[in-house]
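Asker: I'm passing along data-v2.txt; it holds compact mmCIF, C-alpha atoms and all ligand atoms.
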# COMPACT_ATOMS: atom_id res chain seq x y z
CA MET L 4 76.76 242.10 27.79
CA ASN L 5 75.46 240.67 24.55
CA ARG L 6 77.02 237.82 22.66
CA PHE L 7 78.57 240.01 19.99
CA TRP L 8 80.55 241.99 22.54
CA VAL L 9 81.56 238.89 24.43
CA ARG L 10 82.88 237.39 21.18
CA ARG L 11 84.61 240.59 20.16
CA GLU L 12 86.34 240.86 23.52
CA ARG L 13 87.47 237.30 23.35
CA VAL L 14 88.92 237.68 19.86
CA LEU L 15 90.71 240.85 20.97
CA ALA L 16 92.10 239.08 24.03
CA VAL L 17 93.48 236.23 21.95
CA LEU L 18 94.95 238.61 19.38
CA LEU L 19 96.53 240.64 22.17
CA LEU L 20 98.03 237.52 23.69
CA ALA L 21 99.35 236.47 20.29
CA ALA L 22 100.88 239.93 19.80
CA LEU L 23 102.44 239.87 23.27
CA VAL L 24 104.21 236.62 22.54
CA GLY L 25 105.45 237.91 19.21
CA CYS L 26 103.31 235.66 17.07
CA THR L 27 101.52 237.58 14.38
CA THR L 28 99.87 234.75 12.50
CA ALA L 29 97.57 232.25 14.15
CA GLY L 30 98.76 228.71 14.59
CA GLY L 31 100.97 226.36 12.69
CA GLN L 32 104.25 227.97 13.66
CA ARG L 33 107.19 225.92 14.76
CA GLY L 34 108.22 226.79 18.28
CA THR L 35 104.69 227.81 19.25
CA LEU L 36 102.86 225.89 21.91
CA PHE L 37 99.13 226.07 21.33
CA GLN L 38 96.61 225.56 24.06
CA TYR L 39 92.83 225.49 23.97
CA SER L 40 91.00 226.63 27.15
CA THR L 41 92.54 226.52 30.61
CA ILE L 42 93.21 223.75 33.12
CA ASP L 43 91.18 225.65 35.73
CA ALA L 44 88.17 225.67 33.39
CA LEU L 45 88.50 221.90 33.05
CA LEU L 46 88.81 221.51 36.83
CA THR L 47 85.63 223.56 37.22
CA GLY L 48 83.72 221.23 34.87
CA VAL L 49 83.83 223.07 31.53
CA TYR L 50 83.85 219.86 29.47
CA ASP L 51 82.47 221.19 26.19
CA GLY L 52 84.56 223.22 23.78
CA ASP L 53 83.91 224.46 20.28
CA MET L 54 87.30 223.66 18.77
CA THR L 55 87.25 220.74 16.36
CA PHE L 56 90.18 218.39 15.95
CA ALA L 57 90.46 219.60 12.34
CA GLN L 58 91.15 223.05 13.79
CA LEU L 59 93.42 221.74 16.52
CA LYS L 60 95.57 219.86 13.98
CA GLN L 61 96.43 223.20 12.37
CA HIS L 62 98.42 223.94 15.52
CA GLY L 63 100.35 220.74 16.06
CA ASP L 64 101.10 217.09 15.45
CA PHE L 65 102.02 216.25 19.03
CA GLY L 66 100.22 216.75 22.31
CA LEU L 67 97.56 215.79 24.78
CA GLY L 68 94.14 216.75 26.06
CA THR L 69 90.62 215.43 26.31
CA PHE L 70 87.25 215.37 24.47
CA ASN L 71 83.88 217.02 24.84
CA ALA L 72 81.90 215.52 27.74
CA LEU L 73 85.34 214.49 29.13
CA ASP L 74 85.12 211.35 27.02
CA GLY L 75 88.58 209.91 27.62
CA GLU L 76 92.21 210.93 27.26
CA MET L 77 93.69 212.33 24.04
CA ILE L 78 97.22 211.75 22.79
CA ALA L 79 98.67 213.07 19.54
CA LEU L 80 101.75 211.46 18.09
CA ASP L 81 103.30 211.92 14.63
CA GLY L 82 100.21 213.79 13.48
CA ARG L 83 97.81 211.03 14.49
CA PHE L 84 95.28 211.76 17.22
CA TYR L 85 93.94 208.99 19.46
CA GLN L 86 91.09 208.72 21.95
CA ILE L 87 91.72 206.45 24.93
CA LYS L 88 88.34 205.73 26.43
CA SER L 89 87.61 204.70 30.01
CA ASP L 90 86.76 201.18 28.83
CA GLY L 91 90.40 200.90 27.77
CA THR L 92 89.81 200.96 24.02
CA VAL L 93 91.70 203.28 21.67
CA ALA L 94 90.15 204.87 18.59
CA PRO L 95 91.37 207.35 15.99
CA VAL L 96 89.92 210.83 16.49
CA ALA L 97 87.56 212.13 13.81
CA ASP L 98 88.22 215.67 12.60
CA THR L 99 84.66 216.64 13.54
CA MET L 100 85.10 215.77 17.21
CA ARG L 101 85.69 218.62 19.63
CA THR L 102 87.89 219.28 22.60
CA PRO L 103 87.35 221.27 25.81
CA PHE L 104 91.09 221.26 26.64
CA ALA L 105 94.16 220.42 24.59
CA VAL L 106 97.84 221.34 24.32
CA VAL L 107 99.63 220.74 21.01
CA MET L 108 102.66 221.80 19.02
CA PHE L 109 104.72 220.71 16.05
CA PHE L 110 107.35 218.53 17.71
CA ASN L 111 110.88 219.28 16.63
CA PRO L 112 113.27 217.56 19.01
CA GLY L 113 116.64 219.17 19.53
CA ARG L 114 118.36 216.35 21.32
CA SER L 115 117.84 212.89 22.62
CA ARG L 116 119.40 210.69 25.26
CA ALA L 117 119.10 207.21 26.62
CA LEU L 118 117.75 206.34 30.05
CA ALA L 119 117.73 203.04 31.89
CA ASN L 120 116.33 201.61 35.10
CA VAL L 121 114.10 204.48 36.19
CA ALA L 122 112.25 203.39 39.33
CA ASP L 123 109.15 205.55 39.11
CA LEU L 124 107.57 208.69 37.64
CA GLN L 125 109.07 210.89 40.32
CA SER L 126 112.58 209.63 39.47
CA LEU L 127 111.90 210.19 35.78
CA GLU L 128 110.83 213.77 36.46
CA HIS L 129 113.88 214.31 38.66
CA GLN L 130 116.20 213.04 35.92
CA LEU L 131 114.48 215.25 33.34
CA ASP L 132 114.86 218.23 35.67
CA GLN L 133 118.63 217.62 35.75
CA GLU L 134 118.66 217.71 31.94
CA LEU L 135 116.33 220.67 31.60
CA PRO L 136 117.33 223.38 34.06
CA ALA L 137 115.46 226.23 32.29
CA LYS L 138 112.19 225.99 34.17
CA ASN L 139 110.51 229.17 32.93
CA ILE L 140 109.87 227.88 29.42
CA PHE L 141 107.77 225.02 28.13
CA CYS L 142 109.42 221.74 27.13
CA ALA L 143 107.83 219.08 24.99
CA ILE L 144 109.04 215.57 25.77
CA ARG L 145 108.68 212.31 23.88
CA ILE L 146 109.86 209.10 25.49
CA GLU L 147 110.01 205.79 23.62
CA ALA L 148 110.39 203.13 26.29
CA GLU L 149 110.21 199.61 27.44
CA PHE L 150 108.31 199.72 30.71
CA ALA L 151 108.51 197.17 33.50
CA THR L 152 105.19 198.62 34.66
CA ILE L 153 103.09 201.62 33.76
CA LYS L 154 99.91 202.82 35.41
CA ALA L 155 97.59 205.04 33.40
CA ARG L 156 94.04 206.23 33.72
CA SER L 157 91.18 207.41 31.58
CA VAL L 158 88.14 209.41 32.61
CA PRO L 159 84.57 208.37 31.79
CA ARG L 160 82.20 210.39 29.61
CA GLN L 161 80.18 212.81 31.77
CA GLN L 162 76.51 213.79 31.73
CA LYS L 163 75.22 217.32 32.31
CA PRO L 164 75.18 219.00 34.76
CA TYR L 165 78.89 218.35 34.73
CA PRO L 166 80.60 217.74 38.08
CA PRO L 167 84.01 219.29 38.78
CA LEU L 168 86.99 217.24 37.59
CA VAL L 169 87.92 216.17 41.10
CA GLU L 170 84.51 214.43 41.31
CA ALA L 171 84.51 213.08 37.74
CA SER L 172 87.97 211.58 38.21
CA LYS L 173 86.78 209.51 41.19
CA LYS L 174 85.19 207.27 38.57
CA GLN L 175 88.35 207.05 36.46
CA ALA L 176 89.48 203.69 35.14
CA VAL L 177 93.06 202.80 36.07
CA PHE L 178 95.02 200.46 33.80
CA GLU L 179 98.26 198.70 34.73
CA PHE L 180 100.53 197.34 32.04
CA HIS L 181 103.53 195.10 32.56
CA ASN L 182 106.50 194.61 30.23
CA VAL L 183 105.06 196.83 27.56
CA ARG L 184 106.58 199.09 24.93
CA GLY L 185 105.13 202.44 24.13
CA THR L 186 105.44 206.20 23.97
CA LEU L 187 105.01 208.97 26.51
CA VAL L 188 103.94 212.32 25.09
CA GLY L 189 104.22 215.16 27.52
CA PHE L 190 105.07 218.67 28.49
CA ARG L 191 106.73 220.44 31.35
CA ALA L 192 104.96 223.74 31.94
CA PRO L 193 106.41 226.56 34.03
CA GLU L 194 105.09 226.97 37.58
CA PHE L 195 103.75 230.45 36.72
CA MET L 196 101.28 228.84 34.30
CA ARG L 197 99.43 227.12 37.13
CA CYS L 198 95.93 228.51 36.42
CA LEU L 199 96.27 227.87 32.68
CA ASN L 200 98.13 224.59 32.30
CA VAL L 201 99.45 221.78 34.49
CA PRO L 202 102.60 223.12 36.16
CA GLY L 203 105.43 220.60 36.01
CA TYR L 204 105.17 217.38 34.03
CA HIS L 205 102.06 215.98 32.34
CA PHE L 206 102.35 212.76 30.32
CA HIS L 207 99.95 210.67 28.29
CA PHE L 208 100.85 207.15 27.18
CA LEU L 209 100.16 204.99 24.15
CA THR L 210 101.35 201.42 23.66
CA SER L 211 103.46 200.74 20.56
CA ASP L 212 100.61 198.68 19.07
CA ARG L 213 98.30 201.74 19.60
CA GLN L 214 95.79 199.56 21.47
CA ALA L 215 95.96 201.02 25.00
CA GLY L 216 97.16 203.98 27.02
CA GLY L 217 96.00 206.85 29.21
CA HIS L 218 97.06 209.71 31.46
CA VAL L 219 100.22 208.53 33.23
CA LEU L 220 100.02 208.04 37.00
CA ASP L 221 103.26 206.11 37.47
CA CYS L 222 105.80 204.10 35.52
CA LYS L 223 108.93 202.01 35.92
CA ILE L 224 111.24 202.17 32.92
CA ILE L 225 113.63 199.43 31.85
CA ARG L 226 115.17 201.46 29.04
CA ALA L 227 114.12 204.52 27.08
CA THR L 228 115.04 207.14 24.54
CA VAL L 229 114.05 210.65 25.51
CA GLN L 230 113.60 213.39 22.94
CA VAL L 231 113.15 216.97 24.04
CA ASP L 232 111.93 220.05 22.22
CA GLU L 233 112.81 223.19 24.14
CA THR L 234 111.80 225.54 21.34
CA PRO L 235 108.24 226.46 22.38
CA THR L 236 109.07 229.96 23.54
CA ARG L 237 105.84 231.28 22.02
CA PHE L 238 102.51 230.52 23.63
CA LEU L 239 99.19 230.88 21.85
CA MET L 240 95.93 230.29 23.66
CA ALA L 241 92.35 230.20 22.39
CA LEU L 242 89.36 230.33 24.70
CA PRO L 243 85.97 228.58 24.34
CA HIS L 244 82.91 230.44 23.04
CA GLY L 245 80.26 228.63 25.05
CA ASP L 246 78.25 229.62 28.08
CA GLY L 247 79.96 226.92 30.18
CA PHE L 248 83.25 228.81 29.94
CA GLN L 249 81.68 232.27 30.15
CA GLN L 250 79.79 231.40 33.31
CA ALA L 251 82.49 229.38 35.06
CA ASP L 252 83.94 230.78 38.27
CA LEU L 253 87.62 230.92 37.40
CA THR L 254 88.62 233.05 40.37
CA ARG L 255 89.22 230.21 42.85
CA GLU L 256 92.59 228.69 43.61
CA ARG L 257 92.35 225.07 42.47
CA HIS L 258 95.91 223.86 42.80
CA SER L 259 95.18 221.20 45.43
CA GLU L 260 92.33 219.86 43.25
CA LEU L 261 94.70 219.76 40.29
CA LYS L 262 97.30 217.83 42.26
CA SER L 263 94.73 215.28 43.34
CA VAL L 264 93.39 214.85 39.78
CA GLU L 265 96.79 214.72 38.05
CA GLN L 266 98.34 212.24 40.42
CA GLY L 267 95.31 209.99 40.57
CA ALA L 268 94.78 210.52 44.29
CA PRO L 269 91.04 209.65 44.18
CA ASN L 270 91.93 206.01 43.60
CA ARG L 271 94.87 205.80 45.97
ZN ZN L 301 96.25 214.14 31.29
Could you quickly redo this structure as structure tokens?

Answerer:
Amino acid sequence: MNRFWVRRERVLAVLLLAALVGCTTAGGQRGTLFQYSTIDALLTGVYDGDMTFAQLKQHGDFGLGTFNALDGEMIALDGRFYQIKSDGTVAPVADTMRTPFAVVMFFNPGRSRALANVADLQSLEHQLDQELPAKNIFCAIRIEAEFATIKARSVPRQQKPYPPLVEASKKQAVFEFHNVRGTLVGFRAPEFMRCLNVPGYHFHFLTSDRQAGGHVLDCKIIRATVQVDETPTRFLMALPHGDGFQQADLTRERHSELKSVEQGAPNR
């Protein structure tokens, strides 16, 4: 199949998906969760995408993801995009940079509540589950908190040929912060999305001074304000153009790999 047909099929697939979810114009809509590529592609080692951050910003001011060559963790907050590198530094993201995987939306919280004395990430997720019983839709969650402790990781930039994520994450840097203020940006994705997105909760963290953060592995909260946006009932997904994505074997079940990568098992 030549490149033209591959491209045409891909465009048709994305348009069809957009039509199925009732979204007739691309991007920028409130209540639309936008995702670039799939979590299984990232697990396979598809670390280069063709979407620039200038393009990604058209679809949201809030979200998470990573960078080409898997060069750190991305967090987007109030329209500002940050790169948390594996050396622990944080830098603003240039519009020309590209992502192989990202999830964004325009955050429009419907309600907020206070939390206190949350022992760990599992307890936080359990408390959020009590608040958010509708598990077959996406939720976007922003938590401003004072943490007793928080453990976060970042992944190091990879060289080609890219290893699968379960291998790459064995070299992740894990940061532990104590008595720190900051923000969690995250989503809860429905279980049925498991090949496309991270089912359940996925949080990235940024300190309030914007100097540190990462993909959250665990946290103990002293007090927090939780804001939830349950409006993303539309889902728009774009797929990469490159050969890495086209040639990836996306037929395998990778849920156990995802669990290991998301929960930081390689370092435990
Ligand atoms: Zn992450």

Asker: Of the residues L:Glu194, L:Asp53, L:Glu76, L:Asp212, which is the one nearest to ligand ZN 301 (chain L), using all atoms listed in the file?

Answerer: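 Once distances to ligand ZN 301 (chain L) are computed over all atoms listed in the file, the minimum belongs to L:Glu76.
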
Asker: Which residue, L:Glu260, L:Glu170, L:Asp98, L:Asp64, has the smallest gap to Leu36 of chain L when you use all atoms listed in the file?

Answerer: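 Selected residue with least distance to Leu36 of chain L: L:Asp64.
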
Asker: What does the distance from atom CA of Thr55 of chain L to atom CA of Met100 of chain L come to in Å, to one decimal?

Answerer: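 Atom CA of Thr55 of chain L sits 5.5 Å away from atom CA of Met100 of chain L.
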
Asker: State, in Å with one decimal place, the distance from atom CA of Ala151 of chain L to atom CA of Gln175 of chain L.

Answerer: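 Taking atom CA of Ala151 of chain L and atom CA of Gln175 of chain L, their separation equals 22.6 Å.
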
Asker: I'd like to know which of L:Tyr165, L:Phe56, L:Phe104, L:Phe141 is closest to ligand ZN 301 (chain L), using only C-alpha atoms and all ligand atoms.

Answerer: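 Among the listed residues, the smallest separation from ligand ZN 301 (chain L) belongs to L:Phe104.
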
Asker: Mind checking which residues fall within 8 Å of His205 of chain L, counting all atoms listed in the file, ignoring those fewer than 5 positions away in the same chain, and posting them as a PyMOL selection string?

Answerer: chain L and resi 189-191+219+265

Asker: Just to be explicit: take each residue in the selection above, keep C-alpha atoms, and write the result as a CSV table (one decimal), in the frame of the given file.

Answerer:
chain,number,residue,atom,x,y,z
L,189,GLY,CA,104.2,215.2,27.5
L,190,PHE,CA,105.1,218.7,28.5
L,191,ARG,CA,106.7,220.4,31.4
L,219,VAL,CA,100.2,208.5,33.2
L,265,GLU,CA,96.8,214.7,38.0

Asker: Please provide the set of residues having any atom within 9 Å of Gln38 of chain L, restricted to all atoms listed in the file, with same-chain residues fewer than 2 positions apart removed, written as a PyMOL selection string.

Answerer: chain L and resi 36+40-41+62+104-108+199-200+238-242

Asker: For the selection just defined, write its residues with C-alpha atoms to a file, as a short mmCIF file (atom, residue, chain, number, x, y, z; two decimals), keeping the file's coordinate frame.

Answerer:
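The file below, again-v5.cif, is the result:
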data_model
loop_
_atom_site.label_atom_id
_atom_site.label_comp_id
_atom_site.auth_asym_id
_atom_site.auth_seq_id
_atom_site.Cartn_x
_atom_site.Cartn_y
_atom_site.Cartn_z
CA LEU L 36 102.86 225.89 21.91
CA SER L 40 91.00 226.63 27.15
CA THR L 41 92.54 226.52 30.61
CA HIS L 62 98.42 223.94 15.52
CA PHE L 104 91.09 221.26 26.64
CA ALA L 105 94.16 220.42 24.59
CA VAL L 106 97.84 221.34 24.32
CA VAL L 107 99.63 220.74 21.01
CA MET L 108 102.66 221.80 19.02
CA LEU L 199 96.27 227.87 32.68
CA ASN L 200 98.13 224.59 32.30
CA PHE L 238 102.51 230.52 23.63
CA LEU L 239 99.19 230.88 21.85
CA MET L 240 95.93 230.29 23.66
CA ALA L 241 92.35 230.20 22.39
CA LEU L 242 89.36 230.33 24.70
#

Asker: Could you name the residues that touch Pro159 of chain L at 12 Å or less, counting all atoms listed in the file, but leaving out those on the same chain fewer than 4 positions away, as a list in words?

Answerer: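 What passes the distance filter is Tyr50, Thr69, Phe70, Asn71, Ala72, Leu73, Asp74, Gly75, Glu76, Gln86, Ile87, Lys88, Ser89, Asp90, Gly91, Thr92, Tyr165, Pro166, Leu168, Glu170, Ala171, Ser172, Lys173, Lys174, Gln175, Ala176, Val177 and Gly217 of chain L.
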
Asker: Atom CA of Asn120 of chain L and atom CA of Asp232 of chain L are how many Å apart?

Answerer: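 Going from atom CA of Asn120 of chain L over to atom CA of Asp232 of chain L covers 22.9 Å.
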
Asker: Please provide as a PyMOL selection string all residues within 8 Å of segment 109-115 of chain L, with the sequence filter that same-chain residues fewer than 4 positions apart are discarded (counting all atoms listed in the file).

Answerer: chain L and resi 31-35+62-65+143+228-234

Asker: So which one's closest to ligand ZN 301 (chain L), L:Ile78, L:Ile225, L:Val93, L:Ala137? Using all atoms listed in the file, please.

Answerer: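 Counting all atoms listed in the file, the residue closest to ligand ZN 301 (chain L) is L:Ile78.
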
Asker: Kindly indicate which residue among L:Ile224, L:Glu149, L:Ala97, L:Phe208 lies nearest to ligand ZN 301 (chain L), using all atoms listed in the file for the distances.

Answerer: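 Among L:Ile224, L:Glu149, L:Ala97, L:Phe208, it is L:Phe208 that comes nearest to ligand ZN 301 (chain L).
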
Asker: When you count all atoms listed in the file, which of these residues is closest to Ala122 of chain L: L:Thr47, L:Pro167, L:Phe248, L:Cys222?

Answerer: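 Once distances to Ala122 of chain L are computed over all atoms listed in the file, the minimum belongs to L:Cys222.
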
Asker: Using all atoms listed in the file, which residues sit within 6 Å of Ile153 of chain L once same-chain residues fewer than 3 positions away are excluded, as a VMD selection string?

Answerer: chain L and resid 179 to 180 221 to 222

Asker: Around segment 225-228 of chain L, fit a box with edges along x, y and z, padding it by 4 Å on each side, then list its centre and edge lengths in Å to one decimal as AutoDock Vina command-line options.

Answerer:
--center_x 114.4 --center_y 203.3 --center_z 28.2 --size_x 9.5 --size_y 15.7 --size_z 15.3

Asker: What residues have an atom no more than 8 Å from (98.8, 213.9, 12.6) in the file's own frame, counting all atoms listed in the file, and can you write them as a count of residues only?

Answerer: 10

Asker: Would it be fine to have segment 36-66 of chain L, with N, CA and C atoms, given as a compact mmCIF listing (two decimals), in the first residue's frame?

Answerer:
# COMPACT_ATOMS: atom_id res chain seq x y z
N LEU L 36 -12.37 15.43 24.75
CA LEU L 36 -11.05 14.97 25.15
C LEU L 36 -10.29 14.58 23.89
N PHE L 37 -9.11 15.16 23.74
CA PHE L 37 -8.31 14.89 22.54
C PHE L 37 -7.11 14.05 22.92
N GLN L 38 -6.87 13.04 22.12
CA GLN L 38 -5.73 12.17 22.37
C GLN L 38 -4.94 11.97 21.09
N TYR L 39 -3.60 11.99 21.24
CA TYR L 39 -2.74 11.72 20.09
C TYR L 39 -2.08 10.36 20.30
N SER L 40 -2.20 9.48 19.34
CA SER L 40 -1.68 8.11 19.34
C SER L 40 -2.33 7.28 20.45
N THR L 41 -1.81 6.08 20.66
CA THR L 41 -2.44 5.17 21.61
C THR L 41 -1.42 4.73 22.66
N ILE L 42 -1.92 4.35 23.82
CA ILE L 42 -1.00 3.92 24.88
C ILE L 42 -0.28 2.62 24.46
N ASP L 43 -0.96 1.77 23.70
CA ASP L 43 -0.30 0.54 23.26
C ASP L 43 0.85 0.84 22.29
N ALA L 44 0.69 1.87 21.47
CA ALA L 44 1.80 2.25 20.57
C ALA L 44 2.99 2.71 21.40
N LEU L 45 2.73 3.47 22.45
CA LEU L 45 3.82 3.93 23.32
C LEU L 45 4.48 2.74 24.02
N LEU L 46 3.67 1.80 24.48
CA LEU L 46 4.22 0.61 25.15
C LEU L 46 5.10 -0.19 24.20
N THR L 47 4.73 -0.18 22.91
CA THR L 47 5.49 -0.93 21.91
C THR L 47 6.83 -0.26 21.60
N GLY L 48 6.92 1.05 21.85
CA GLY L 48 8.16 1.77 21.55
C GLY L 48 8.01 2.77 20.41
N VAL L 49 6.78 3.18 20.11
CA VAL L 49 6.58 4.24 19.10
C VAL L 49 6.74 5.58 19.83
N TYR L 50 7.99 6.08 19.84
CA TYR L 50 8.32 7.27 20.63
C TYR L 50 8.47 8.52 19.77
N ASP L 51 8.17 8.43 18.49
CA ASP L 51 8.22 9.63 17.66
C ASP L 51 6.86 9.88 17.03
N GLY L 52 6.35 11.08 17.23
CA GLY L 52 5.10 11.46 16.62
C GLY L 52 5.32 12.67 15.74
N ASP L 53 4.31 13.01 14.94
CA ASP L 53 4.46 14.17 14.07
C ASP L 53 3.62 15.36 14.53
N MET L 54 2.95 15.22 15.66
CA MET L 54 2.14 16.35 16.14
C MET L 54 3.00 17.32 16.96
N THR L 55 2.98 18.57 16.55
CA THR L 55 3.72 19.59 17.31
C THR L 55 2.88 20.05 18.50
N PHE L 56 3.57 20.69 19.45
CA PHE L 56 2.83 21.23 20.59
C PHE L 56 1.96 22.41 20.17
N ALA L 57 2.36 23.11 19.12
CA ALA L 57 1.48 24.19 18.59
C ALA L 57 0.15 23.58 18.17
N GLN L 58 0.21 22.41 17.53
CA GLN L 58 -1.03 21.74 17.10
C GLN L 58 -1.80 21.19 18.30
N LEU L 59 -1.05 20.60 19.22
CA LEU L 59 -1.70 20.01 20.40
C LEU L 59 -2.46 21.06 21.21
N LYS L 60 -1.87 22.26 21.31
CA LYS L 60 -2.50 23.33 22.11
C LYS L 60 -3.86 23.77 21.54
N GLN L 61 -4.09 23.46 20.27
CA GLN L 61 -5.39 23.78 19.68
C GLN L 61 -6.51 22.95 20.32
N HIS L 62 -6.09 21.85 20.98
CA HIS L 62 -7.06 20.90 21.50
C HIS L 62 -7.20 20.95 23.02
N GLY L 63 -6.39 21.76 23.69
CA GLY L 63 -6.55 21.81 25.13
C GLY L 63 -5.51 22.63 25.85
N ASP L 64 -5.86 22.98 27.10
CA ASP L 64 -4.95 23.76 27.95
C ASP L 64 -4.56 22.98 29.19
N PHE L 65 -4.92 21.70 29.21
CA PHE L 65 -4.78 20.88 30.40
C PHE L 65 -4.52 19.45 29.95
N GLY L 66 -3.52 18.79 30.54
CA GLY L 66 -3.33 17.40 30.15
C GLY L 66 -1.95 16.87 30.46
